[in-house]
file query-v6.cif (mmCIF, C-alpha atoms and all ligand atoms)
data_work
#
loop_
_atom_site.label_atom_id
_atom_site.label_comp_id
_atom_site.auth_asym_id
_atom_site.auth_seq_id
_atom_site.Cartn_x
_atom_site.Cartn_y
_atom_site.Cartn_z
CA MET A 1 69.75 8.45 -4.53
CA SER A 2 66.91 7.06 -2.48
CA PHE A 3 65.06 9.16 0.05
CA GLU A 4 62.67 8.38 2.88
CA PHE A 5 60.73 11.63 3.13
CA ILE A 6 60.91 13.27 -0.30
CA VAL A 7 60.28 12.17 -3.88
CA VAL A 8 62.64 13.65 -6.43
CA ASN A 9 62.39 14.02 -10.18
CA ARG A 10 65.40 15.89 -11.53
CA GLN A 11 63.72 16.26 -14.91
CA VAL A 12 59.97 16.56 -14.65
CA ARG A 13 60.40 18.70 -17.80
CA PRO A 14 63.64 19.56 -19.57
CA HIS A 15 65.66 21.74 -17.11
CA VAL A 16 62.88 21.62 -14.48
CA ALA A 17 63.16 19.52 -11.32
CA HIS A 18 60.42 18.57 -8.89
CA ILE A 19 60.69 17.70 -5.20
CA ARG A 20 57.61 16.42 -3.40
CA LEU A 21 57.48 16.34 0.39
CA ASN A 22 56.32 12.87 1.24
CA ARG A 23 55.04 12.25 4.77
CA PRO A 24 51.37 12.26 3.83
CA LYS A 25 50.06 10.69 7.05
CA GLU A 26 51.69 13.47 9.10
CA LEU A 27 50.56 16.15 6.64
CA ASN A 28 54.20 16.52 5.57
CA ALA A 29 55.26 17.77 9.00
CA LEU A 30 58.87 18.82 8.57
CA ASN A 31 61.15 16.67 10.72
CA SER A 32 64.89 17.20 10.68
CA ALA A 33 65.53 14.11 8.55
CA MET A 34 63.15 15.41 5.89
CA MET A 35 64.75 18.85 6.02
CA GLY A 36 68.15 17.18 5.67
CA GLU A 37 67.02 15.30 2.56
CA LEU A 38 65.37 18.38 1.12
CA THR A 39 68.30 20.73 1.64
CA GLY A 40 70.85 18.12 0.51
CA GLU A 41 68.96 17.59 -2.73
CA LEU A 42 68.41 21.31 -3.30
CA LYS A 43 72.15 21.86 -2.90
CA GLU A 44 72.82 19.20 -5.53
CA MET A 45 70.27 20.74 -7.86
CA ASP A 46 71.88 24.14 -7.45
CA ARG A 47 75.11 22.58 -8.72
CA ASP A 48 73.52 20.57 -11.55
CA PRO A 49 73.72 22.61 -14.79
CA GLU A 50 70.80 20.62 -16.23
CA VAL A 51 68.45 22.05 -13.59
CA ARG A 52 67.32 25.62 -14.15
CA ALA A 53 64.24 25.82 -11.92
CA VAL A 54 62.84 23.73 -9.08
CA VAL A 55 59.23 23.06 -8.13
CA LEU A 56 58.63 22.16 -4.48
CA SER A 57 55.28 20.67 -3.55
CA GLY A 58 53.50 18.57 -1.02
CA ASP A 59 50.35 16.67 -1.93
CA GLU A 60 46.76 17.86 -2.35
CA ARG A 61 45.95 17.76 1.37
CA ALA A 62 49.05 19.49 2.66
CA PHE A 63 52.08 21.35 1.47
CA ALA A 64 53.37 21.03 5.04
CA ALA A 65 51.52 21.45 8.35
CA GLY A 66 54.59 22.85 10.07
CA ALA A 67 57.68 21.64 11.83
CA ASP A 68 57.20 18.23 13.45
CA ILE A 69 55.65 19.02 16.83
CA ARG A 70 56.32 15.52 18.16
CA GLU A 71 60.02 15.93 17.42
CA MET A 72 60.19 19.31 19.19
CA ALA A 73 57.80 18.89 22.11
CA GLU A 74 60.22 17.73 24.79
CA ARG A 75 63.33 19.56 23.65
CA SER A 76 65.05 22.12 25.83
CA ALA A 77 66.27 25.48 24.60
CA ILE A 78 69.81 24.11 24.69
CA ASP A 79 68.77 21.01 22.68
CA MET A 80 67.24 23.31 20.09
CA TYR A 81 70.30 25.54 20.05
CA ARG A 82 72.68 22.59 19.67
CA ALA A 83 70.61 20.94 16.95
CA ASP A 84 71.08 24.14 14.90
CA LEU A 85 68.18 23.20 12.65
CA PHE A 86 68.06 26.63 11.14
CA SER A 87 71.33 26.08 9.29
CA GLN A 88 69.30 23.74 7.04
CA TRP A 89 66.84 26.55 6.35
CA GLU A 90 69.75 28.89 5.59
CA LEU A 91 70.80 26.55 2.78
CA ILE A 92 67.42 27.08 1.11
CA ARG A 93 67.78 30.83 1.49
CA ARG A 94 71.09 30.63 -0.33
CA MET A 95 69.73 28.70 -3.34
CA LYS A 96 70.78 30.46 -6.52
CA LYS A 97 68.20 28.87 -8.77
CA PRO A 98 64.55 29.82 -8.56
CA ILE A 99 62.23 27.64 -6.50
CA ILE A 100 58.49 27.64 -7.10
CA ALA A 101 56.28 26.38 -4.29
CA ALA A 102 53.19 24.47 -5.42
CA VAL A 103 50.87 24.68 -2.42
CA SER A 104 47.64 22.80 -1.85
CA GLY A 105 45.93 22.37 1.50
CA PHE A 106 47.82 23.27 4.66
CA ALA A 107 50.88 25.52 4.59
CA LEU A 108 51.17 26.17 8.31
CA GLY A 109 53.98 27.26 10.61
CA GLY A 110 57.25 26.03 9.15
CA GLY A 111 55.23 24.98 6.07
CA CYS A 112 54.17 28.56 5.43
CA GLU A 113 57.73 29.70 6.14
CA LEU A 114 59.09 27.15 3.69
CA ALA A 115 56.69 28.36 0.99
CA MET A 116 57.78 31.94 1.70
CA LEU A 117 61.44 30.94 1.31
CA CYS A 118 60.58 29.98 -2.26
CA ASP A 119 60.63 32.65 -4.96
CA LEU A 120 57.11 32.20 -6.30
CA ILE A 121 54.02 30.47 -4.94
CA VAL A 122 51.28 28.79 -6.95
CA ALA A 123 48.33 27.72 -4.82
CA SER A 124 45.30 25.53 -5.22
CA GLU A 125 41.88 26.83 -4.17
CA THR A 126 42.15 24.70 -1.02
CA ALA A 127 45.41 26.26 0.21
CA ARG A 128 45.52 27.65 3.75
CA PHE A 129 48.46 29.77 4.85
CA GLY A 130 48.98 30.31 8.54
CA GLN A 131 51.40 30.81 11.41
CA PRO A 132 49.63 28.92 14.22
CA GLU A 133 52.70 28.58 16.48
CA ILE A 134 51.13 30.90 19.04
CA LEU A 135 48.45 28.26 19.65
CA ILE A 136 51.09 25.80 20.85
CA GLY A 137 52.98 28.24 23.04
CA VAL A 138 55.67 29.50 20.71
CA MET A 139 56.02 31.83 17.73
CA PRO A 140 57.33 31.56 14.18
CA GLY A 141 61.02 30.65 14.12
CA ALA A 142 61.96 30.10 10.49
CA GLY A 143 61.40 33.59 9.14
CA GLY A 144 57.63 34.02 9.59
CA THR A 145 57.78 37.25 11.59
CA GLN A 146 60.06 38.79 8.95
CA ARG A 147 58.89 37.45 5.60
CA LEU A 148 55.14 37.49 6.25
CA PRO A 149 54.91 41.25 7.00
CA ARG A 150 57.15 41.95 4.03
CA ALA A 151 54.75 39.98 1.84
CA VAL A 152 51.31 40.89 3.22
CA GLY A 153 51.91 44.02 5.31
CA LYS A 154 51.84 44.58 9.07
CA ALA A 155 48.09 44.40 9.69
CA ILE A 156 47.45 40.97 8.19
CA ALA A 157 50.76 39.53 9.44
CA MET A 158 50.11 40.69 13.02
CA GLU A 159 46.65 39.17 13.02
CA MET A 160 47.84 35.87 11.57
CA ILE A 161 50.80 35.60 13.95
CA LEU A 162 49.09 36.84 17.14
CA THR A 163 45.87 34.85 16.71
CA GLY A 164 47.10 31.86 14.71
CA THR A 165 44.27 32.35 12.22
CA PRO A 166 45.12 31.18 8.69
CA ILE A 167 44.14 32.88 5.45
CA ASN A 168 42.76 31.12 2.41
CA ALA A 169 44.14 31.16 -1.12
CA GLU A 170 42.02 34.09 -2.33
CA GLN A 171 43.02 36.17 0.70
CA ALA A 172 46.67 35.23 0.16
CA LEU A 173 46.41 36.29 -3.47
CA ALA A 174 44.76 39.61 -2.59
CA ALA A 175 47.42 40.23 0.08
CA GLY A 176 50.29 39.60 -2.36
CA LEU A 177 51.62 36.46 -0.66
CA ILE A 178 51.18 34.23 -3.70
CA ASN A 179 51.30 34.46 -7.48
CA ARG A 180 48.11 32.67 -8.50
CA VAL A 181 45.27 30.40 -7.46
CA VAL A 182 44.12 27.50 -9.62
CA PRO A 183 41.73 24.56 -9.21
CA VAL A 184 43.23 21.84 -7.05
CA GLU A 185 43.75 19.40 -9.92
CA LEU A 186 45.94 21.96 -11.70
CA PHE A 187 48.15 23.37 -8.95
CA LEU A 188 51.20 21.22 -9.65
CA GLU A 189 50.98 21.50 -13.42
CA GLU A 190 50.56 25.27 -13.17
CA ALA A 191 53.69 25.52 -11.00
CA ILE A 192 55.58 23.30 -13.43
CA GLN A 193 54.48 25.50 -16.35
CA LEU A 194 55.74 28.56 -14.52
CA ALA A 195 59.05 26.79 -13.90
CA VAL A 196 59.24 25.81 -17.59
CA LYS A 197 58.76 29.43 -18.58
CA ILE A 198 61.58 30.53 -16.26
CA SER A 199 63.80 27.65 -17.42
CA GLU A 200 63.57 29.00 -20.97
CA MET A 201 65.08 32.32 -19.86
CA PRO A 202 68.87 32.88 -19.83
CA PRO A 203 69.99 31.14 -16.61
CA LEU A 204 72.66 33.65 -15.60
CA ALA A 205 70.24 36.54 -15.95
CA VAL A 206 67.64 34.59 -13.95
CA ARG A 207 70.16 33.97 -11.18
CA LEU A 208 71.39 37.55 -10.96
CA ALA A 209 67.86 38.93 -11.21
CA LYS A 210 66.72 36.66 -8.36
CA GLU A 211 69.66 37.80 -6.24
CA SER A 212 68.88 41.43 -7.01
CA VAL A 213 65.18 41.17 -6.16
CA LEU A 214 66.02 39.47 -2.84
CA LYS A 215 68.50 42.26 -2.13
CA ALA A 216 65.58 44.70 -2.20
CA PHE A 217 64.43 43.24 1.12
CA GLU A 218 67.78 43.66 2.81
CA THR A 219 69.33 46.97 1.82
CA SER A 220 68.68 50.66 1.34
CA LEU A 221 67.43 51.74 -2.09
CA GLU A 222 70.82 53.29 -2.80
CA GLU A 223 72.74 50.07 -2.09
CA GLY A 224 70.13 47.98 -3.89
CA LEU A 225 70.41 50.12 -7.01
CA GLN A 226 74.22 49.78 -6.95
CA TYR A 227 73.88 46.03 -6.60
CA GLU A 228 71.41 45.86 -9.46
CA ARG A 229 73.66 47.96 -11.70
CA LYS A 230 76.68 45.74 -11.08
CA ASN A 231 74.68 42.63 -11.92
CA PHE A 232 73.35 44.36 -15.03
CA TYR A 233 76.91 45.19 -16.20
CA LEU A 234 78.04 41.67 -15.38
CA LEU A 235 75.51 40.16 -17.77
CA PHE A 236 77.26 41.92 -20.65
CA ALA A 237 80.05 39.40 -20.09
CA SER A 238 77.67 36.56 -20.96
CA GLY A 239 77.13 34.91 -24.32
CA ASP A 240 73.41 34.88 -23.62
CA GLN A 241 73.33 38.71 -23.59
CA LYS A 242 74.93 38.79 -27.06
CA GLU A 243 72.62 36.01 -28.27
CA GLY A 244 69.49 37.61 -26.77
CA MET A 245 70.10 41.04 -28.26
CA ARG A 246 71.29 39.72 -31.63
CA ALA A 247 68.24 37.44 -31.88
CA PHE A 248 66.00 40.44 -31.22
CA ILE A 249 67.68 42.46 -33.99
CA GLU A 250 67.62 39.48 -36.39
CA LYS A 251 63.95 38.86 -35.53
CA ARG A 252 64.48 35.24 -34.43
CA LYS A 253 64.07 33.23 -31.24
CA PRO A 254 67.16 33.32 -28.98
CA ARG A 255 69.00 30.12 -28.05
CA PHE A 256 70.24 30.58 -24.51
CA LYS A 257 73.09 28.39 -23.25
CA GLY A 258 73.66 29.64 -19.73
CA GLU A 259 77.09 31.00 -20.62
N1 LIG A 301 53.78 17.99 13.60
C1 LIG A 301 53.60 16.67 13.82
N2 LIG A 301 52.50 16.02 13.43
C2 LIG A 301 51.54 16.68 12.77
C3 LIG A 301 51.66 18.06 12.49
C4 LIG A 301 52.85 18.72 12.94
N3 LIG A 301 53.08 20.03 12.69
N4 LIG A 301 50.55 18.48 11.84
C5 LIG A 301 49.78 17.39 11.70
N5 LIG A 301 50.36 16.29 12.25
C6 LIG A 301 49.85 14.93 12.31
C7 LIG A 301 48.78 14.77 13.37
O1 LIG A 301 49.35 14.62 14.63
C8 LIG A 301 48.05 13.56 12.86
O2 LIG A 301 48.78 12.43 13.22
P1 LIG A 301 48.00 11.11 13.83
O3 LIG A 301 47.09 10.69 12.71
O4 LIG A 301 49.12 10.15 14.10
O5 LIG A 301 47.28 11.60 15.02
C9 LIG A 301 48.13 13.70 11.35
O6 LIG A 301 49.21 14.60 11.09
C10 LIG A 301 46.87 14.27 10.72
O7 LIG A 301 46.56 15.48 11.39
P2 LIG A 301 45.11 15.77 12.06
O8 LIG A 301 44.46 14.50 12.46
O9 LIG A 301 45.32 16.81 13.11
O10 LIG A 301 44.35 16.36 10.79
P3 LIG A 301 43.17 17.45 10.78
O11 LIG A 301 42.70 17.51 9.36
O12 LIG A 301 42.19 17.16 11.86
O13 LIG A 301 43.89 18.82 11.18
C11 LIG A 301 45.60 20.53 11.03
C12 LIG A 301 44.85 19.37 10.32
C13 LIG A 301 44.65 21.67 11.33
C14 LIG A 301 46.72 20.96 10.09
C15 LIG A 301 46.21 20.00 12.38
O14 LIG A 301 46.91 18.79 12.11
C16 LIG A 301 47.18 20.95 13.03
O15 LIG A 301 46.75 21.89 13.66
N6 LIG A 301 48.51 20.68 12.90
C17 LIG A 301 49.53 21.47 13.55
C18 LIG A 301 49.74 22.79 12.85
C19 LIG A 301 50.78 23.58 13.58
O16 LIG A 301 50.65 23.96 14.72
N7 LIG A 301 51.91 23.88 12.88
C20 LIG A 301 52.99 24.66 13.44
C21 LIG A 301 54.02 23.74 14.04
S1 LIG A 301 55.31 24.64 14.87
C22 LIG A 301 56.28 25.23 13.62
O17 LIG A 301 56.06 24.96 12.47
C23 LIG A 301 57.45 26.08 14.03
C24 LIG A 301 58.44 26.23 12.88
C25 LIG A 301 59.71 26.87 13.36
C26 LIG A 301 60.92 26.41 12.58
C27 LIG A 301 61.27 25.01 12.88
C28 LIG A 301 62.73 24.74 12.81
C29 LIG A 301 63.05 23.40 13.35
#
call {"tool": "encode", "arguments": {"input": "query-v6.cif", "output": "structure tokens", "more": "lines below"}}
Ligand code: CO8
result
Amino acid sequence: MSFEFIVVNRQVRPHVAHIRLNRPKELNALNSAMMGELTGELKEMDRDPEVRAVVLSGDERAFAAGADIREMAERSAIDMYRADLFSQWELIRRMKKPIIAAVSGFALGGGCELAMLCDLIVASETARFGQPEILIGVMPGAGGTQRLPRAVGKAIAMEMILTGTPINAEQALAAGLINRVVPVELFLEEAIQLAVKISEMPPLAVRLAKESVLKAFETSLEEGLQYERKNFYLLFASGDQKEGMRAFIEKRKPRFKGE
């Protein structure tokens, strides 16, 4: 497959795929064609048994500086409604495999929202996370008002969203938005290493654990605990559960097959 706005490596390491957003001159502003390529490829990767974890990055200067303002500027509410761009974002939300965002430079507006749709975030020291939509007359539209407060709390989220002021990588780490901060030359490799570590885990358990953690943001504790328990029971139907527990008892390394 050839793409115009993304660069894809299905096997940057065994079982680890990498997608790089590739509109460097526009700071990886997310136009609908790029989102189409990204979500189409993610869907394929979700189906590909060889892929167990995905790393999503931009380049050093920008993860993504938001949705493409030029594409949106003259649209009417009805144009926006008809274009139904958010169905693309929904596809990312429904990804079963873990996605690790590798963020350097700007992660603004839709770029910050895209990073927050991922399951883990590795950032370079230069990363800036922000929801500056208010500065151009709108507000976050791809989950920012919901995921940001869940990640960093009300106080920081309100300030970021109502003033458009971004936070830097250290602030994002302290606030709990991201997993780690590394020097800029290491951000991609660090994200890949994290993906490798996850790809070595039993894939069914990874998938059900991801689903269960995400459930924590959507249900009551009671329902979430029920959901977790069912997924826990379900894993006893997998070969990897038998292999993992037997390997522990036999004091050897497990060989997980994703079955
Ligand atoms: N859209 C389109 N083009 C952009 C965007 C963008 N979001 N961001 C940067 N660019 C372009 C610039 O226009 C410029 O192009 P050109 O060279 O042709 O003039 C090029 O990228 C480089 O940018 P700058 O010259 O501005 O670079 P600076 O280093 O001076 O500034 C900034 C970098 C601070 C990141 C600045 O570019 C900026 O403020 N960008 C806009 C950030 C922003 O407002 N993002 C939010 C957009 S709205 C949004 O994301 C809503 C999401 C809702 C969901 C969407 C579903 C469809």
call {"tool": "residues_around", "arguments": {"input": "query-v6.cif", "residues": "stretch 192-196 of chain A", "least_positions_apart": "3", "cutoff": "6 Å", "atoms": "all atoms listed in the file", "output": "MDAnalysis selection string"}}
result
chainID A and resid 53 189 199
call {"tool": "residues_around", "arguments": {"input": "query-v6.cif", "residues": "stretch 34-51 of chain A", "least_positions_apart": "3", "cutoff": "10 Å", "atoms": "all atoms listed in the file", "output": "mmCIF file with C-alpha atoms, keeping the file's coordinate frame"}}
result
data_model
loop_
_atom_site.group_PDB
_atom_site.id
_atom_site.type_symbol
_atom_site.label_atom_id
_atom_site.label_comp_id
_atom_site.auth_asym_id
_atom_site.auth_seq_id
_atom_site.Cartn_x
_atom_site.Cartn_y
_atom_site.Cartn_z
ATOM 1 C CA MET A 1 69.750 8.450 -4.530
ATOM 2 C CA SER A 2 66.910 7.060 -2.480
ATOM 3 C CA PHE A 3 65.060 9.160 0.050
ATOM 4 C CA GLU A 4 62.670 8.380 2.880
ATOM 5 C CA PHE A 5 60.730 11.630 3.130
ATOM 6 C CA ILE A 6 60.910 13.270 -0.300
ATOM 7 C CA VAL A 7 60.280 12.170 -3.880
ATOM 8 C CA VAL A 8 62.640 13.650 -6.430
ATOM 9 C CA ARG A 10 65.400 15.890 -11.530
ATOM 10 C CA GLN A 11 63.720 16.260 -14.910
ATOM 11 C CA ARG A 13 60.400 18.700 -17.800
ATOM 12 C CA PRO A 14 63.640 19.560 -19.570
ATOM 13 C CA HIS A 15 65.660 21.740 -17.110
ATOM 14 C CA VAL A 16 62.880 21.620 -14.480
ATOM 15 C CA ALA A 17 63.160 19.520 -11.320
ATOM 16 C CA HIS A 18 60.420 18.570 -8.890
ATOM 17 C CA ILE A 19 60.690 17.700 -5.200
ATOM 18 C CA ARG A 20 57.610 16.420 -3.400
ATOM 19 C CA LEU A 21 57.480 16.340 0.390
ATOM 20 C CA ASN A 22 56.320 12.870 1.240
ATOM 21 C CA ARG A 23 55.040 12.250 4.770
ATOM 22 C CA ASN A 28 54.200 16.520 5.570
ATOM 23 C CA ALA A 29 55.260 17.770 9.000
ATOM 24 C CA LEU A 30 58.870 18.820 8.570
ATOM 25 C CA ASN A 31 61.150 16.670 10.720
ATOM 26 C CA VAL A 54 62.840 23.730 -9.080
ATOM 27 C CA LEU A 56 58.630 22.160 -4.480
ATOM 28 C CA ALA A 67 57.680 21.640 11.830
ATOM 29 C CA LEU A 85 68.180 23.200 12.650
ATOM 30 C CA PHE A 86 68.060 26.630 11.140
ATOM 31 C CA SER A 87 71.330 26.080 9.290
ATOM 32 C CA GLN A 88 69.300 23.740 7.040
ATOM 33 C CA TRP A 89 66.840 26.550 6.350
ATOM 34 C CA GLU A 90 69.750 28.890 5.590
ATOM 35 C CA LEU A 91 70.800 26.550 2.780
ATOM 36 C CA ILE A 92 67.420 27.080 1.110
ATOM 37 C CA ARG A 94 71.090 30.630 -0.330
ATOM 38 C CA MET A 95 69.730 28.700 -3.340
ATOM 39 C CA LYS A 96 70.780 30.460 -6.520
ATOM 40 C CA LYS A 97 68.200 28.870 -8.770
ATOM 41 C CA PRO A 98 64.550 29.820 -8.560
ATOM 42 C CA ILE A 99 62.230 27.640 -6.500
ATOM 43 C CA SER A 199 63.800 27.650 -17.420
ATOM 44 C CA PRO A 203 69.990 31.140 -16.610
ATOM 45 C CA GLY A 258 73.660 29.640 -19.730
#
call {"tool": "closest_residue", "arguments": {"input": "query-v6.cif", "among": "A:Ala142, A:Gly137, A:Glu60, A:Ala83", "to": "ligand LIG 301 (chain A)", "atoms": "all atoms listed in the file"}}
result
A:Ala142
call {"tool": "closest_atom_pairs", "arguments": {"input": "query-v6.cif", "of": "chain A", "to": "ligand LIG 301 (chain A)", "cutoff": "10 Å", "atoms": "all atoms listed in the file", "output": "tab-separated table"}}
result
residue	atom	partner	partner_atom	distance
A:Arg23	CA	A:LIG301	O6	8.9
A:Pro24	CA	A:LIG301	O6	7.9
A:Lys25	CA	A:LIG301	C9	5.6
A:Glu26	CA	A:LIG301	O6	3.4
A:Leu27	CA	A:LIG301	O6	4.9
A:Asn28	CA	A:LIG301	N4	7.5
A:Ala29	CA	A:LIG301	C4	4.7
A:Leu30	CA	A:LIG301	N1	7.2
A:Asn31	CA	A:LIG301	C29	7.5
A:Ser32	CA	A:LIG301	C29	7.0
A:Met35	CA	A:LIG301	C29	8.8
A:Arg61	CA	A:LIG301	O11	8.6
A:Ala62	CA	A:LIG301	C14	7.9
A:Ala64	CA	A:LIG301	N3	7.7
A:Ala65	CA	A:LIG301	N4	4.7
A:Gly66	CA	A:LIG301	O17	3.5
A:Ala67	CA	A:LIG301	O17	3.7
A:Asp68	CA	A:LIG301	N1	3.4
A:Ile69	CA	A:LIG301	N1	3.9
A:Arg70	CA	A:LIG301	C1	5.2
A:Glu71	CA	A:LIG301	C1	7.4
A:Met72	CA	A:LIG301	C29	7.7
A:Ala73	CA	A:LIG301	N1	9.5
A:Met80	CA	A:LIG301	C29	7.9
A:Ala83	CA	A:LIG301	C29	8.7
A:Asp84	CA	A:LIG301	C29	8.2
A:Leu85	CA	A:LIG301	C29	5.2
A:Phe86	CA	A:LIG301	C28	5.9
A:Ser87	CA	A:LIG301	C28	9.4
A:Gln88	CA	A:LIG301	C28	8.8
A:Trp89	CA	A:LIG301	C28	7.9
A:Gly105	CA	A:LIG301	C14	8.7
A:Phe106	CA	A:LIG301	C14	6.0
A:Ala107	CA	A:LIG301	C14	8.3
A:Leu108	CA	A:LIG301	N7	5.2
A:Gly109	CA	A:LIG301	O17	3.6
A:Gly110	CA	A:LIG301	O17	3.7
A:Gly111	CA	A:LIG301	O17	6.5
A:Cys112	CA	A:LIG301	O17	8.1
A:Glu113	CA	A:LIG301	C24	7.6
A:Leu114	CA	A:LIG301	C26	9.1
A:Arg128	CA	A:LIG301	C14	9.3
A:Gly130	CA	A:LIG301	N7	8.3
A:Gln131	CA	A:LIG301	C20	6.7
A:Pro132	CA	A:LIG301	O16	5.1
A:Glu133	CA	A:LIG301	C20	5.0
A:Ile134	CA	A:LIG301	O16	8.2
A:Leu135	CA	A:LIG301	O16	6.9
A:Ile136	CA	A:LIG301	O16	6.4
A:Gly137	CA	A:LIG301	S1	9.2
A:Val138	CA	A:LIG301	S1	7.6
A:Met139	CA	A:LIG301	C23	7.0
A:Pro140	CA	A:LIG301	C25	5.3
A:Gly141	CA	A:LIG301	C25	4.1
A:Ala142	CA	A:LIG301	C26	4.4
A:Gly143	CA	A:LIG301	C26	8.0
A:Gly144	CA	A:LIG301	C25	8.3
A:Gly164	CA	A:LIG301	O16	8.7
A:Pro166	CA	A:LIG301	C13	9.9
call {"tool": "closest_residue", "arguments": {"input": "query-v6.cif", "among": "A:Arg75, A:Gly58, A:Thr126, A:Pro254", "to": "A:Val181", "atoms": "all atoms listed in the file"}}
result
A:Thr126
call {"tool": "atom_distance", "arguments": {"input": "query-v6.cif", "atom1": "atom CA of A:Glu243", "atom2": "atom CA of A:Lys197"}}
result
18.1 Å
call {"tool": "residues_around", "arguments": {"input": "query-v6.cif", "residues": "A:Ala172", "least_positions_apart": "5", "cutoff": "9 Å", "atoms": "all atoms listed in the file", "output": "PDB file with C-alpha atoms, in the frame of the given file"}}
result
ATOM      1  CA  ARG A 128      45.520  27.650   3.750  1.00  0.00           C
ATOM      2  CA  PHE A 129      48.460  29.770   4.850  1.00  0.00           C
ATOM      3  CA  VAL A 152      51.310  40.890   3.220  1.00  0.00           C
ATOM      4  CA  ILE A 167      44.140  32.880   5.450  1.00  0.00           C
ATOM      5  CA  LEU A 177      51.620  36.460  -0.660  1.00  0.00           C
ATOM      6  CA  ILE A 178      51.180  34.230  -3.700  1.00  0.00           C
ATOM      7  CA  ASN A 179      51.300  34.460  -7.480  1.00  0.00           C
TER       8      ASN A 179
END
call {"tool": "atom_distance", "arguments": {"input": "query-v6.cif", "atom1": "atom CA of A:Phe256", "atom2": "atom CA of A:Tyr233"}}
result
18.1 Å
call {"tool": "closest_residue", "arguments": {"input": "query-v6.cif", "among": "A:Arg93, A:Glu250, A:Ala33, A:Val122", "to": "A:Glu211", "atoms": "all atoms listed in the file"}}
result
A:Arg93
call {"tool": "atom_distance", "arguments": {"input": "query-v6.cif", "atom1": "atom CA of A:Phe232", "atom2": "atom CA of A:Arg52"}}
result
19.7 Å
call {"tool": "residues_around", "arguments": {"input": "query-v6.cif", "residues": "A:Gly176", "least_positions_apart": "5", "cutoff": "10 Å", "atoms": "all atoms listed in the file", "output": "ChimeraX atom specification"}}
result
/A:150-153,170-171
call {"tool": "closest_residue", "arguments": {"input": "query-v6.cif", "among": "A:Val213, A:Leu173, A:Ile198, A:Ala115", "to": "A:Ala102", "atoms": "only C-alpha atoms"}}
result
A:Ala115
call {"tool": "closest_residue", "arguments": {"input": "query-v6.cif", "among": "A:Ser76, A:Arg207, A:Val55, A:Tyr227", "to": "A:Val12", "atoms": "all atoms listed in the file"}}
result
A:Val55
